[in-house]
file structure.txt (compact mmCIF, C-alpha atoms)
# COMPACT_ATOMS: atom_id res chain seq x y z
CA MET A 1 272.88 274.38 216.99
CA LYS A 2 270.53 276.19 219.37
CA LYS A 3 270.17 274.48 222.75
CA PRO A 4 266.68 272.96 223.08
CA LEU A 5 264.39 274.12 225.86
CA LEU A 6 263.13 270.58 226.38
CA SER A 7 264.56 267.07 226.05
CA VAL A 8 261.97 264.38 225.34
CA CYS A 9 263.50 261.16 226.70
CA LEU A 10 262.09 257.81 225.62
CA ILE A 11 263.40 254.52 226.99
CA THR A 12 262.59 251.29 225.21
CA TYR A 13 263.28 247.57 225.18
CA ASN A 14 261.37 245.03 223.09
CA HIS A 15 258.42 247.33 222.40
CA VAL A 16 258.02 246.45 218.74
CA LYS A 17 254.20 246.40 219.01
CA TYR A 18 254.05 249.86 220.54
CA ILE A 19 257.13 251.92 219.67
CA LYS A 20 255.74 253.44 216.45
CA GLN A 21 252.77 254.92 218.26
CA ALA A 22 255.00 256.25 221.05
CA ILE A 23 257.33 257.99 218.58
CA GLU A 24 254.57 259.31 216.32
CA ARG A 25 252.83 261.01 219.23
CA VAL A 26 256.01 262.92 220.02
CA LEU A 27 256.42 263.98 216.40
CA MET A 28 252.84 265.31 216.49
CA GLN A 29 253.60 267.74 219.33
CA LYS A 30 252.98 271.41 218.58
CA THR A 31 255.36 273.72 220.42
CA SER A 32 256.51 277.32 220.42
CA PHE A 33 260.04 276.21 221.39
CA ASP A 34 262.77 273.89 220.17
CA PHE A 35 263.04 270.43 221.68
CA GLU A 36 265.19 267.37 221.15
CA PHE A 37 263.99 263.77 221.10
CA ILE A 38 266.35 261.15 222.55
CA ILE A 39 265.53 257.45 222.31
CA ALA A 40 267.52 254.91 224.34
CA ASP A 41 267.10 251.31 223.16
CA ASP A 42 268.57 248.57 225.35
CA CYS A 43 269.59 246.22 222.54
CA SER A 44 266.09 245.03 221.71
CA THR A 45 265.77 241.64 220.05
CA ASP A 46 262.28 241.94 218.55
CA GLY A 47 262.73 244.57 215.84
CA THR A 48 262.32 247.68 218.01
CA THR A 49 265.87 248.84 217.25
CA GLU A 50 265.28 248.80 213.48
CA ILE A 51 262.13 250.92 213.86
CA VAL A 52 263.99 253.43 216.04
CA LYS A 53 266.79 253.67 213.45
CA LYS A 54 264.30 254.39 210.64
CA TYR A 55 262.65 257.23 212.54
CA ALA A 56 266.04 258.69 213.46
CA ALA A 57 267.16 258.57 209.84
CA SER A 58 263.96 260.36 208.75
CA ASN A 59 264.26 263.03 211.47
CA PRO A 60 268.00 263.64 211.89
CA ARG A 61 267.62 267.20 213.22
CA LEU A 62 265.20 266.14 215.94
CA ILE A 63 265.96 262.56 217.00
CA ARG A 64 269.11 261.32 218.66
CA THR A 65 269.54 257.68 219.63
CA ILE A 66 271.37 255.65 222.23
CA LEU A 67 271.59 252.12 220.86
CA GLN A 68 273.15 249.81 223.42
CA GLU A 69 275.39 247.18 221.83
CA SER A 70 274.47 244.68 224.54
CA ASN A 71 271.70 244.55 227.10
CA VAL A 72 272.85 246.82 229.94
CA GLY A 73 269.62 246.72 231.93
CA ALA A 74 266.92 249.31 232.47
CA ALA A 75 268.76 251.22 235.19
CA ILE A 76 271.96 251.91 233.25
CA ASN A 77 270.04 252.59 230.04
CA TYR A 78 267.92 255.10 231.98
CA VAL A 79 270.98 256.89 233.38
CA ASN A 80 272.60 257.02 229.92
CA LEU A 81 269.40 258.55 228.57
CA LEU A 82 269.19 261.28 231.20
CA GLU A 83 272.90 262.09 230.91
CA ALA A 84 272.42 262.73 227.19
CA ALA A 85 269.65 265.30 227.78
CA THR A 86 270.70 268.91 227.22
CA GLY A 87 267.36 270.67 227.67
CA LYS A 88 266.35 272.93 230.55
CA TYR A 89 263.42 270.56 231.05
CA ILE A 90 262.94 266.82 230.62
CA ALA A 91 259.83 264.92 229.54
CA TYR A 92 260.14 261.19 230.06
CA PHE A 93 258.16 258.10 229.10
CA GLU A 94 258.56 254.45 228.11
CA GLY A 95 258.12 252.86 224.71
CA ASP A 96 254.88 251.05 225.48
CA ASP A 97 253.03 254.23 226.56
CA TYR A 98 251.91 257.18 224.44
CA TRP A 99 250.62 260.75 224.55
CA ILE A 100 247.22 261.81 223.20
CA ASP A 101 247.35 265.60 223.47
CA ASN A 102 249.50 267.29 220.83
CA THR A 103 249.93 270.35 223.08
CA LYS A 104 250.97 268.34 226.14
CA ILE A 105 254.59 269.45 226.43
CA GLU A 106 253.70 273.00 225.38
CA LYS A 107 251.32 273.28 228.34
CA GLN A 108 253.72 271.77 230.82
CA VAL A 109 256.82 273.70 229.79
CA LYS A 110 254.81 276.92 229.67
CA PHE A 111 253.71 276.33 233.26
CA LEU A 112 257.23 275.62 234.53
CA GLU A 113 258.61 278.66 232.73
CA ALA A 114 256.03 280.86 234.45
CA ASN A 115 256.34 279.23 237.88
CA PRO A 116 259.96 278.91 239.05
CA ASP A 117 258.90 277.59 242.47
CA TYR A 118 257.79 274.35 240.79
CA SER A 119 260.30 271.69 239.76
CA LEU A 120 257.93 269.06 238.32
CA CYS A 121 254.49 268.84 236.76
CA PHE A 122 252.43 265.83 235.72
CA HIS A 123 248.95 265.07 234.43
CA ASN A 124 246.11 262.59 234.59
CA VAL A 125 246.18 259.56 232.27
CA TYR A 126 244.04 256.82 230.79
CA ILE A 127 244.84 253.14 231.32
CA LEU A 128 244.78 250.79 228.33
CA GLU A 129 244.20 247.16 229.26
CA ASN A 130 242.97 244.28 227.10
CA GLY A 131 242.35 246.68 224.24
CA LYS A 132 240.05 248.91 226.29
CA ARG A 133 240.91 252.43 227.37
CA LYS A 134 239.56 253.43 230.76
CA LYS A 135 240.00 256.19 233.27
CA SER A 136 242.55 255.64 236.00
CA LEU A 137 241.26 255.04 239.50
CA GLN A 138 239.87 258.24 240.93
CA PHE A 139 241.34 259.51 244.17
CA GLU A 140 242.05 262.98 245.36
CA ILE A 141 245.29 264.45 244.04
CA PRO A 142 246.23 267.94 245.22
CA ASP A 143 246.75 270.67 242.66
CA THR A 144 250.07 271.39 244.36
CA SER A 145 252.13 269.03 246.48
CA ASP A 146 255.68 268.94 247.84
CA ILE A 147 258.44 266.52 248.82
CA ASN A 148 256.76 265.62 252.13
CA TYR A 149 253.46 264.80 250.47
CA LEU A 150 255.24 262.81 247.74
CA LEU A 151 257.11 260.71 250.28
CA SER A 152 254.15 260.05 252.56
CA HIS A 153 251.44 259.16 250.02
CA PRO A 154 251.04 256.13 247.73
CA GLY A 155 252.01 256.57 244.07
CA TYR A 156 250.02 259.29 242.38
CA ILE A 157 252.41 260.21 239.57
CA THR A 158 252.57 258.25 236.31
CA SER A 159 255.98 258.45 234.61
CA LEU A 160 254.64 259.07 231.10
CA SER A 161 253.05 262.32 232.32
CA ILE A 162 256.04 264.09 233.84
CA VAL A 163 257.97 267.16 232.74
CA TYR A 164 260.59 268.47 235.16
CA ARG A 165 263.52 270.83 235.53
CA ASN A 166 266.82 269.28 234.52
CA SER A 167 268.93 269.73 237.64
CA LEU A 168 272.47 268.70 238.59
CA ASN A 169 271.28 266.90 241.73
CA ILE A 170 269.06 264.39 239.91
CA ILE A 171 271.52 262.01 238.25
CA PRO A 172 273.84 261.65 241.30
CA MET A 173 270.91 260.53 243.45
CA ILE A 174 269.72 258.11 240.75
CA LYS A 175 273.24 256.67 240.46
CA GLU A 176 273.47 256.33 244.23
CA LEU A 177 270.27 254.30 244.16
CA ILE A 178 270.77 252.69 240.76
CA ASN A 179 269.87 249.23 242.07
CA CYS A 180 266.67 250.46 243.68
CA PRO A 181 263.61 248.80 242.08
CA PHE A 182 261.61 252.09 242.24
CA GLY A 183 263.60 254.00 239.60
CA ASP A 184 260.79 256.36 238.57
CA PHE A 185 259.98 257.25 242.16
CA ILE A 186 263.65 257.99 242.89
CA THR A 187 263.57 260.53 240.06
CA TYR A 188 260.49 262.26 241.49
CA VAL A 189 262.11 262.41 244.93
CA ALA A 190 265.32 263.89 243.52
CA VAL A 191 263.44 266.50 241.50
CA ALA A 192 261.07 267.43 244.35
CA GLN A 193 264.01 268.32 246.59
CA THR A 194 264.22 271.65 244.76
CA GLY A 195 260.61 272.67 244.17
CA LEU A 196 256.87 272.07 244.25
CA ILE A 197 254.83 269.60 242.19
CA LYS A 198 251.96 270.65 239.91
CA TYR A 199 249.08 268.38 238.86
CA PHE A 200 247.03 268.82 235.66
CA SER A 201 243.68 267.02 235.79
CA GLU A 202 243.56 266.74 231.98
CA ARG A 203 244.20 263.26 230.61
CA MET A 204 247.01 263.77 228.12
CA GLY A 205 248.50 260.29 227.87
CA VAL A 206 247.81 256.56 227.98
CA TYR A 207 249.50 254.06 230.27
CA ARG A 208 249.50 250.61 228.73
CA ARG A 209 249.01 247.76 231.19
CA HIS A 210 249.96 244.39 229.73
CA SER A 211 251.32 240.99 230.71
CA THR A 212 254.84 241.75 229.47
CA GLY A 213 255.24 244.92 231.54
CA THR A 214 258.21 245.22 233.90
CA TRP A 215 256.19 244.58 237.06
CA SER A 216 253.50 242.39 235.50
CA THR A 217 255.98 239.60 234.84
CA LEU A 218 257.03 239.41 238.50
CA GLY A 219 255.24 237.20 240.98
CA MET A 220 253.82 238.58 244.22
CA LYS A 221 256.75 237.25 246.25
CA LYS A 222 259.31 238.98 244.02
CA ILE A 223 257.36 242.24 244.04
CA PHE A 224 257.28 242.04 247.83
CA GLU A 225 261.04 241.48 248.01
CA ASN A 226 261.70 244.38 245.63
CA THR A 227 259.47 246.62 247.71
CA LEU A 228 261.46 245.94 250.87
CA VAL A 229 264.73 246.58 249.06
CA ALA A 230 263.47 249.84 247.56
CA TYR A 231 262.16 251.33 250.80
CA ARG A 232 265.24 250.32 252.75
CA MET A 233 267.61 251.85 250.18
CA LEU A 234 265.69 255.08 249.84
CA TYR A 235 265.15 255.51 253.59
CA ARG A 236 268.90 255.35 254.17
CA GLN A 237 269.50 258.21 251.72
CA LEU A 238 266.90 260.64 253.02
CA PRO A 239 267.29 263.21 255.81
CA PRO A 240 265.46 262.23 259.04
CA ILE A 241 262.30 264.29 258.49
CA GLN A 242 261.83 262.99 254.94
CA GLY A 243 262.52 259.46 256.18
CA GLU A 244 259.59 259.79 258.57
CA MET A 245 257.39 260.87 255.68
CA LEU A 246 258.47 257.81 253.69
CA LYS A 247 257.46 255.62 256.62
CA MET A 248 253.84 256.70 256.15
CA ARG A 249 253.93 255.65 252.50
CA TYR A 250 255.54 252.35 253.45
CA LEU A 251 252.69 251.51 255.83
CA HIS A 252 250.16 252.21 253.08
CA THR A 253 252.08 249.87 250.77
CA ILE A 254 252.18 247.05 253.31
CA GLU A 255 248.46 247.50 253.91
CA ASN A 256 247.83 246.90 250.20
CA TYR A 257 249.89 243.70 250.33
CA PHE A 258 248.01 242.42 253.39
CA LEU A 259 244.72 242.94 251.58
CA GLN A 260 245.68 240.78 248.61
CA ASN A 261 244.67 237.14 248.91
CA GLU A 262 247.63 235.98 246.83
CA PHE A 263 250.07 237.61 249.24
CA VAL A 264 251.26 234.72 251.44
CA TYR A 265 253.85 235.24 254.14
CA ASP A 266 255.22 233.41 257.16
CA ASP A 267 256.50 234.73 260.49
CA GLU A 268 260.00 235.23 259.12
CA GLU A 269 258.75 237.33 256.22
CA PHE A 270 256.46 239.25 258.53
CA ASN A 271 259.44 240.17 260.70
CA LYS A 272 261.22 241.48 257.60
CA LEU A 273 258.50 244.11 257.32
CA LEU A 274 259.88 245.73 260.44
CA ILE A 275 262.61 247.45 258.46
CA GLU A 276 265.25 247.96 261.11
CA GLU A 277 266.22 251.46 259.98
CA MET A 278 262.62 252.68 260.13
CA LYS A 279 262.15 251.54 263.75
CA ILE A 280 258.51 250.65 263.23
CA GLU A 281 256.84 249.45 266.41
CA PRO A 282 255.67 245.81 266.04
CA TYR A 283 252.20 246.69 267.36
CA VAL A 284 251.60 248.94 264.34
CA LEU A 285 252.12 246.13 261.84
CA ASN A 286 250.20 243.65 264.01
CA PHE A 287 247.27 246.02 264.16
CA LEU A 288 247.45 246.53 260.42
CA LYS A 289 247.66 242.79 259.75
CA GLN A 290 244.68 241.97 261.96
CA ASN A 291 242.61 244.79 260.49
CA CYS A 292 243.29 243.64 256.93
CA GLU A 293 242.49 240.01 257.76
CA GLU A 294 239.11 241.06 259.15
CA ARG A 295 238.38 243.19 256.09
CA LYS A 296 239.10 240.25 253.78
CA LYS A 297 236.64 238.00 255.58
CA VAL A 298 233.56 240.03 254.66
CA PHE A 299 233.20 240.75 250.94
CA HIS A 300 231.25 243.99 251.27
CA TYR A 301 233.40 245.45 254.06
CA THR A 302 235.77 247.87 252.37
CA SER A 303 236.06 250.65 254.95
CA ARG A 304 239.59 251.93 255.60
CA VAL A 305 238.52 253.92 258.65
CA PRO A 306 240.32 251.96 261.41
CA PHE A 307 243.77 252.12 259.84
CA SER A 308 243.13 255.62 258.49
CA ILE A 309 242.55 256.79 262.06
CA LEU A 310 245.81 255.21 263.15
CA LEU A 311 247.76 256.76 260.29
CA LYS A 312 246.19 260.14 260.90
CA SER A 313 247.20 260.07 264.55
CA LEU A 314 250.74 259.08 263.62
CA GLN A 315 250.94 261.84 261.01
CA GLU A 316 249.60 264.48 263.39
CA LYS A 317 252.13 263.44 265.99
CA LEU A 318 254.93 263.59 263.44
CA TYR A 319 253.93 266.97 261.99
CA SER A 320 253.63 268.50 265.46
CA LYS A 321 257.10 267.20 266.24
CA ILE A 322 258.58 268.60 263.02
CA PHE A 323 256.98 272.01 262.98
CA SER A 324 256.81 272.76 266.72

call {"tool": "encode", "arguments": {"input": "structure.txt", "output": "structure tokens"}}
result
Amino acid sequence: MKKPLLSVCLITYNHVKYIKQAIERVLMQKTSFDFEFIIADDCSTDGTTEIVKKYAASNPRLIRTILQESNVGAAINYVNLLEAATGKYIAYFEGDDYWIDNTKIEKQVKFLEANPDYSLCFHNVYILENGKRKKSLQFEIPDTSDINYLLSHPGYITSLSIVYRNSLNIIPMIKELINCPFGDFITYVAVAQTGLIKYFSERMGVYRRHSTGTWSTLGMKKIFENTLVAYRMLYRQLPPIQGEMLKMRYLHTIENYFLQNEFVYDDEEFNKLLIEEMKIEPYVLNFLKQNCEERKKVFHYTSRVPFSILLKSLQEKLYSKIFS
């Protein structure tokens, strides 16, 4: 059998309401190349597995399945899925999301084939919440970015939109950080070690936000704890310069937590924010905390200027240090 140019990798667990739409939108793709479709189901208990089996039986030349006999957890299921991929490129998404452009993977693979300096490309998406489809929040995303930009800026890549080069360095890094709560981000970081990142402004997929989502079911305290674990684990694995870039992203993340009224913390938890490995000066977090508290007091005050100035000065200092 001819080796496929692309592996479409779909991970699923208890997505019975959504899995048909996810699979159908892959089957609708129009391409000028061969691709394989691998579905990894983590022993679903709601009927998802039976739906996956039916589609695989109807499309034996296209669909391969990984049907876990017991629940192994998202991380191991994810690794099993990526290890099964044989394509030069990988497109990944989860069973509760779906694509809306039937030339999506054609466009993305065509770009990567023509631009060897790029290792990953992604696109804009819609968000589906409470039955209504809306545009994602608008903020500036560069046409081209790199590993330093990825590490220093808050999340701007949605997993359902990615297509990337299948490289030998990706799975080892994911395995090294298999217990890290930010699995998708770890993948982006591993891929971006070898090339640039391309952004397509076209909306070619839909991210479904619902109460049973992986993060939606966690309380604020648990999300906070997972965030600390994730940044600590990733920071330890990165070279020094990239670690400094990650520190910028971390400060942005903590700012968002400070601004949420439901985020309650005591002095002990505040001290945990000073991740020892990052060597963050206490005055930085104290300034950030005070600034956010003031911004929450006045409803119409939404300016980010004070902290933006601080971050900019820190970034300029860092860049001058790196590239001098």

call {"tool": "residues_near_point", "arguments": {"input": "structure.txt", "point": "(262.4, 250.5, 235.9)", "cutoff": "9 Å", "atoms": "all atoms listed in the file", "output": "list in words"}}
result
Ala74, Ala75, Tyr78, Cys180, Pro181, Phe182, Gly183, Asp184, Thr214 and Trp215 of chain A

call {"tool": "write_last_selection", "arguments": {"input": "structure.txt", "atoms": "C-alpha atoms", "output": "CSV table (one decimal), in the frame of the given file"}}
result
chain,number,residue,atom,x,y,z
A,74,ALA,CA,266.9,249.3,232.5
A,75,ALA,CA,268.8,251.2,235.2
A,78,TYR,CA,267.9,255.1,232.0
A,180,CYS,CA,266.7,250.5,243.7
A,181,PRO,CA,263.6,248.8,242.1
A,182,PHE,CA,261.6,252.1,242.2
A,183,GLY,CA,263.6,254.0,239.6
A,184,ASP,CA,260.8,256.4,238.6
A,214,THR,CA,258.2,245.2,233.9
A,215,TRP,CA,256.2,244.6,237.1

call {"tool": "residues_around", "arguments": {"input": "structure.txt", "residues": "Lys30 (chain A)", "least_positions_apart": "6", "cutoff": "8 Å", "atoms": "all atoms listed in the file", "output": "MDAnalysis selection string"}}
result
chainID A and resid 102:103 106

call {"tool": "atom_distance", "arguments": {"input": "structure.txt", "atom1": "CA of Leu177 (chain A)", "atom2": "CA of Leu160 (chain A)"}}
result
20.9 Å

call {"tool": "atom_distance", "arguments": {"input": "structure.txt", "atom1": "CA of Asp117 (chain A)", "atom2": "CA of Phe35 (chain A)"}}
result
22.4 Å

call {"tool": "closest_atom_pairs", "arguments": {"input": "structure.txt", "of": "region 111-192 of chain A", "to": "region 203-206 of chain A", "cutoff": "12 Å", "atoms": "all atoms listed in the file", "output": "JSON lines"}}
result
{"residue": "A:Phe122", "atom": "CA", "partner": "A:Met204", "partner_atom": "CA", "distance": 9.6}
{"residue": "A:His123", "atom": "CA", "partner": "A:Arg203", "partner_atom": "CA", "distance": 6.4}
{"residue": "A:Asn124", "atom": "CA", "partner": "A:Arg203", "partner_atom": "CA", "distance": 4.5}
{"residue": "A:Val125", "atom": "CA", "partner": "A:Arg203", "partner_atom": "CA", "distance": 4.5}
{"residue": "A:Tyr126", "atom": "CA", "partner": "A:Val206", "partner_atom": "CA", "distance": 4.7}
{"residue": "A:Ile127", "atom": "CA", "partner": "A:Val206", "partner_atom": "CA", "distance": 5.6}
{"residue": "A:Leu128", "atom": "CA", "partner": "A:Val206", "partner_atom": "CA", "distance": 6.5}
{"residue": "A:Glu129", "atom": "CA", "partner": "A:Val206", "partner_atom": "CA", "distance": 10.2}
{"residue": "A:Gly131", "atom": "CA", "partner": "A:Val206", "partner_atom": "CA", "distance": 11.9}
{"residue": "A:Lys132", "atom": "CA", "partner": "A:Val206", "partner_atom": "CA", "distance": 11.0}
{"residue": "A:Arg133", "atom": "CA", "partner": "A:Val206", "partner_atom": "CA", "distance": 8.1}
{"residue": "A:Lys134", "atom": "CA", "partner": "A:Val206", "partner_atom": "CA", "distance": 9.3}
{"residue": "A:Lys135", "atom": "CA", "partner": "A:Arg203", "partner_atom": "CA", "distance": 8.6}
{"residue": "A:Ser136", "atom": "CA", "partner": "A:Arg203", "partner_atom": "CA", "distance": 9.5}
{"residue": "A:Thr158", "atom": "CA", "partner": "A:Gly205", "partner_atom": "CA", "distance": 9.6}
{"residue": "A:Ser159", "atom": "CA", "partner": "A:Gly205", "partner_atom": "CA", "distance": 10.2}
{"residue": "A:Leu160", "atom": "CA", "partner": "A:Gly205", "partner_atom": "CA", "distance": 7.0}
{"residue": "A:Ser161", "atom": "CA", "partner": "A:Gly205", "partner_atom": "CA", "distance": 6.7}
{"residue": "A:Ile162", "atom": "CA", "partner": "A:Gly205", "partner_atom": "CA", "distance": 10.3}

call {"tool": "closest_residue", "arguments": {"input": "structure.txt", "among": "A:Gly243, A:Lys17, A:Ile76, A:Tyr55", "to": "Asp42 (chain A)", "atoms": "all atoms listed in the file"}}
result
A:Ile76

call {"tool": "residues_around", "arguments": {"input": "structure.txt", "residues": "region 256-267 of chain A", "least_positions_apart": "4", "cutoff": "7 Å", "atoms": "all atoms listed in the file", "output": "PyMOL selection string"}}
result
chain A and resi 220+252+271+289+292+296

call {"tool": "atom_distance", "arguments": {"input": "structure.txt", "atom1": "CA of Glu113 (chain A)", "atom2": "CA of Phe93 (chain A)"}}
result
20.9 Å

call {"tool": "residues_around", "arguments": {"input": "structure.txt", "residues": "Ile141 (chain A)", "least_positions_apart": "5", "cutoff": "9 Å", "atoms": "all atoms listed in the file", "output": "NGL selection string"}}
result
:A and (156 or 199 or 201)

call {"tool": "write_last_selection", "arguments": {"input": "structure.txt", "atoms": "C-alpha atoms", "output": "compact mmCIF listing (two decimals), in the frame of the given file"}}
result
# COMPACT_ATOMS: atom_id res chain seq x y z
CA TYR A 156 250.02 259.29 242.38
CA TYR A 199 249.08 268.38 238.86
CA SER A 201 243.68 267.02 235.79

call {"tool": "closest_residue", "arguments": {"input": "structure.txt", "among": "A:Asp101, A:Gln68, A:Ile197, A:Asn130", "to": "Pro116 (chain A)", "atoms": "all atoms listed in the file"}}
result
A:Ile197

call {"tool": "closest_residue", "arguments": {"input": "structure.txt", "among": "A:Val8, A:Ala190, A:Met28, A:Leu150", "to": "Lys88 (chain A)", "atoms": "all atoms listed in the file"}}
result
A:Val8

call {"tool": "closest_residue", "arguments": {"input": "structure.txt", "among": "A:Val16, A:Ile38, A:Leu285, A:Leu151", "to": "Met248 (chain A)", "atoms": "only C-alpha atoms"}}
result
A:Leu151

call {"tool": "closest_residue", "arguments": {"input": "structure.txt", "among": "A:Glu269, A:Pro282, A:Asp97, A:Lys104", "to": "Arg209 (chain A)", "atoms": "all atoms listed in the file"}}
result
A:Asp97

call {"tool": "residues_around", "arguments": {"input": "structure.txt", "residues": "Ile275 (chain A)", "least_positions_apart": "5", "cutoff": "8 Å", "atoms": "all atoms listed in the file", "output": "list in words"}}
result
Leu228, Arg232 and Ile280 of chain A

call {"tool": "write_last_selection", "arguments": {"input": "structure.txt", "atoms": "C-alpha atoms", "output": "PDB file, in the frame of the given file"}}
result
ATOM      1  CA  LEU A 228     261.460 245.940 250.870  1.00  0.00           C
ATOM      2  CA  ARG A 232     265.240 250.320 252.750  1.00  0.00           C
ATOM      3  CA  ILE A 280     258.510 250.650 263.230  1.00  0.00           C
TER       4      ILE A 280
END

call {"tool": "closest_residue", "arguments": {"input": "structure.txt", "among": "A:Ile100, A:Ile11, A:Leu238, A:Leu6", "to": "Val163 (chain A)", "atoms": "only C-alpha atoms"}}
result
A:Leu6

call {"tool": "residues_near_point", "arguments": {"input": "structure.txt", "point": "(260.7, 260.6, 225.6)", "cutoff": "9 Å", "atoms": "all atoms listed in the file", "output": "list in words"}}
result
Ser7, Val8, Cys9, Leu10, Ile11, Ala22, Ile23, Val26, Phe37, Ile38, Ile39, Ala40, Ile90, Ala91, Tyr92, Phe93, Glu94, Gly95 and Leu160 of chain A

call {"tool": "write_last_selection", "arguments": {"input": "structure.txt", "atoms": "C-alpha atoms", "output": "compact mmCIF listing (two decimals), in the frame of the given file"}}
result
# COMPACT_ATOMS: atom_id res chain seq x y z
CA SER A 7 264.56 267.07 226.05
CA VAL A 8 261.97 264.38 225.34
CA CYS A 9 263.50 261.16 226.70
CA LEU A 10 262.09 257.81 225.62
CA ILE A 11 263.40 254.52 226.99
CA ALA A 22 255.00 256.25 221.05
CA ILE A 23 257.33 257.99 218.58
CA VAL A 26 256.01 262.92 220.02
CA PHE A 37 263.99 263.77 221.10
CA ILE A 38 266.35 261.15 222.55
CA ILE A 39 265.53 257.45 222.31
CA ALA A 40 267.52 254.91 224.34
CA ILE A 90 262.94 266.82 230.62
CA ALA A 91 259.83 264.92 229.54
CA TYR A 92 260.14 261.19 230.06
CA PHE A 93 258.16 258.10 229.10
CA GLU A 94 258.56 254.45 228.11
CA GLY A 95 258.12 252.86 224.71
CA LEU A 160 254.64 259.07 231.10

call {"tool": "residues_around", "arguments": {"input": "structure.txt", "residues": "Pro239 (chain A)", "least_positions_apart": "4", "cutoff": "12 Å", "atoms": "only C-alpha atoms", "output": "VMD selection string"}}
result
chain A and resid 147 to 148 151 193 234 to 235 243 to 246
